[in-house]
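Below is one structure, written out as structure tokens; the observations come after it.
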Amino acid sequence: MRLHRVLAPASDATSVGPRVTLERGPDVYERARTAQQAAALVRLLGPEALGGVLQAALPALLAGAADASPAVRRQALWALHHLATRAPPEELRWQRALLTDVARRALIGCDAAAWPAAAPAACALAVALDGRDVWGPAMEAVLCEMLLQGEMHVRDPERRVIWLDAAPCLLQAMGLAQRGRARPRTRA
């Protein structure tokens, strides 16, 4: 729960200056419900309508992606994934630096509950921002962080499966082909 500081006027004549009171902000349930509703609204829009809504929806989705609660982060990241895969890339590129940072931060220290949304969202944002530019800043930042997360959680089968599902779009955009496992050679 986030507490907001509010300056209140002094209540008596003997006190000098304002006193600080604390007010409670919305709790996790309210933030998660709001993020879920925002994500549902973004998903309902078609590709042609996403460009017009992007400027209004992006600040709320970025705040949700930076939230401390995994439930709120997950909903906001799914909405960002939808924007990255459905919106025209030109509509996202005007915030390239900010979205690159959001994609990278979504992966760093990601909670297990938010990882199923963080990995696909980060990869989709990198592809939408840089396209096939292998040396683009978003592609480089997300690929470095994905490789680091893959190495850190190599023994976690759930994260590994999600990593393997999210990484192919990033690798294909870089021109790398994913192949099945090679069979061992048998001697004739």
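Ligands are numbered from 1 in the order shown, chains are lettered A, B, ... in the order of the structure tokens, and residues start at 1 in each chain.
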
Just the residues within 6 Å of segment 111-120 of chain A, please, counting only C-alpha atoms, with nothing from its chain fewer than 6 positions along; format it as a list in words.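 Returned residues: Pro70, Arg74, Leu77, Trp78 and Ala166 of chain A.
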
Please identify the strand (DSSP E) residues within segment 12-167 of chain A (assignment by DSSP from backbone atoms) and present them as a PyMOL selection string. chain A and resi 19-24

Export C-alpha atoms of the chosen residues as a CSV table (one decimal), in the first residue's frame?
chain,number,residue,atom,x,y,z
A,19,ARG,CA,2.2,19.5,9.4
A,20,VAL,CA,2.5,16.4,7.4
A,21,THR,CA,-0.4,13.9,7.3
A,22,LEU,CA,-0.5,10.6,5.5
A,23,GLU,CA,-3.3,9.4,3.3
A,24,ARG,CA,-3.7,5.9,2.0

Between atom CA of Ala138 of chain A and atom CA of Ala126 of chain A, what is the spacing in Å? 4.9 Å

Find the spatial neighbours of Leu147 of chain A, counting only C-alpha atoms, within a cut-off of 12 Å - ignore same-chain residues fewer than 5 positions away - and output them as a ChimeraX atom specification. /A:104,107-108,119,123,139-142,152-154,160,163-164,166-167,170-171

Those same residues - N, CA and C atoms - I'd like them written as a JSON list (two decimals), in the first residue's frame.
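The resulting file, out.json, is reproduced below:
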[["chain", "number", "residue", "atom", "x", "y", "z"],
["A", 104, "ARG", "N", 13.23, -3.59, -20.71],
["A", 104, "ARG", "CA", 14.39, -4.12, -19.97],
["A", 104, "ARG", "C", 14.07, -4.29, -18.50],
["A", 107, "LEU", "N", 12.05, -7.32, -17.20],
["A", 107, "LEU", "CA", 12.74, -8.60, -17.04],
["A", 107, "LEU", "C", 13.63, -8.64, -15.81],
["A", 108, "ILE", "N", 14.14, -7.51, -15.38],
["A", 108, "ILE", "CA", 15.09, -7.48, -14.27],
["A", 108, "ILE", "C", 14.38, -7.80, -12.96],
["A", 119, "ALA", "N", 8.24, -11.69, -20.15],
["A", 119, "ALA", "CA", 9.10, -12.16, -21.24],
["A", 119, "ALA", "C", 8.48, -11.92, -22.61],
["A", 123, "CYS", "N", 10.00, -9.02, -25.36],
["A", 123, "CYS", "CA", 10.44, -9.45, -26.70],
["A", 123, "CYS", "C", 9.61, -8.77, -27.78],
["A", 139, "MET", "N", 16.53, -4.01, -29.09],
["A", 139, "MET", "CA", 16.90, -5.40, -29.36],
["A", 139, "MET", "C", 18.09, -5.82, -28.49],
["A", 140, "GLU", "N", 19.08, -4.94, -28.41],
["A", 140, "GLU", "CA", 20.28, -5.25, -27.63],
["A", 140, "GLU", "C", 19.96, -5.36, -26.14],
["A", 141, "ALA", "N", 19.19, -4.41, -25.61],
["A", 141, "ALA", "CA", 18.87, -4.42, -24.18],
["A", 141, "ALA", "C", 18.04, -5.63, -23.79],
["A", 142, "VAL", "N", 17.03, -5.94, -24.59],
["A", 142, "VAL", "CA", 16.15, -7.06, -24.25],
["A", 142, "VAL", "C", 16.87, -8.39, -24.44],
["A", 152, "MET", "N", 20.35, -17.23, -15.32],
["A", 152, "MET", "CA", 20.09, -17.20, -13.88],
["A", 152, "MET", "C", 19.07, -18.25, -13.45],
["A", 153, "HIS", "N", 18.10, -18.53, -14.30],
["A", 153, "HIS", "CA", 17.01, -19.44, -13.94],
["A", 153, "HIS", "C", 17.04, -20.72, -14.77],
["A", 154, "VAL", "N", 18.24, -21.20, -15.05],
["A", 154, "VAL", "CA", 18.39, -22.37, -15.89],
["A", 154, "VAL", "C", 17.79, -23.62, -15.24],
["A", 160, "ARG", "N", 11.93, -21.57, -17.74],
["A", 160, "ARG", "CA", 12.63, -22.00, -18.95],
["A", 160, "ARG", "C", 11.64, -22.20, -20.10],
["A", 163, "TRP", "N", 10.53, -18.82, -21.26],
["A", 163, "TRP", "CA", 11.64, -18.21, -21.99],
["A", 163, "TRP", "C", 11.69, -18.76, -23.41],
["A", 164, "LEU", "N", 11.56, -20.09, -23.54],
["A", 164, "LEU", "CA", 11.61, -20.72, -24.85],
["A", 164, "LEU", "C", 10.42, -20.35, -25.73],
["A", 166, "ALA", "N", 8.92, -17.29, -25.52],
["A", 166, "ALA", "CA", 9.01, -15.85, -25.81],
["A", 166, "ALA", "C", 10.17, -15.51, -26.74],
["A", 167, "ALA", "N", 11.27, -16.21, -26.63],
["A", 167, "ALA", "CA", 12.49, -15.86, -27.36],
["A", 167, "ALA", "C", 12.42, -16.01, -28.88],
["A", 170, "LEU", "N", 12.04, -12.84, -31.00],
["A", 170, "LEU", "CA", 13.24, -12.01, -30.93],
["A", 170, "LEU", "C", 14.33, -12.58, -31.84],
["A", 171, "LEU", "N", 14.52, -13.89, -31.78],
["A", 171, "LEU", "CA", 15.56, -14.52, -32.59],
["A", 171, "LEU", "C", 15.23, -14.47, -34.08]]

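Ranking A:Ala121, A:Val53, A:Val127, A:Ala97 by their shortest atom-to-atom distance to Gln75 of chain A, with only C-alpha atoms included, puts A:Ala121 first.
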
Need to verify the contact set: Arg43 of chain A, 9 Å, only C-alpha atoms, exclusion of same-chain residues closer than 5 positions in sequence. Can you return it as a PyMOL selection string? chain A and resi 38+79+82-83

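The two atoms in question, atom CA of Asp101 of chain A and atom CA of Asp133 of chain A, are spaced 17.3 Å apart.
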
Neighbouring residues of Glu48 of chain A were defined as those with any atom within 9 Å, considering only C-alpha atoms; residues of the same chain fewer than 5 positions away were excluded. Please report them as an MDAnalysis selection string. chainID A and resid 86:88

Helix (DSSP H, G or I) call set, DSSP backbone run, segment 17-185 of chain A, as a ChimeraX atom specification: /A:28-44,47-65,70-86,89-93,96-107,115-130,137-152,157-173

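Taking only C-alpha atoms into account, Leu92 of chain A lies nearest to A:Leu125 out of the set A:Asp165, A:Leu125, A:Arg73, A:Gly109.
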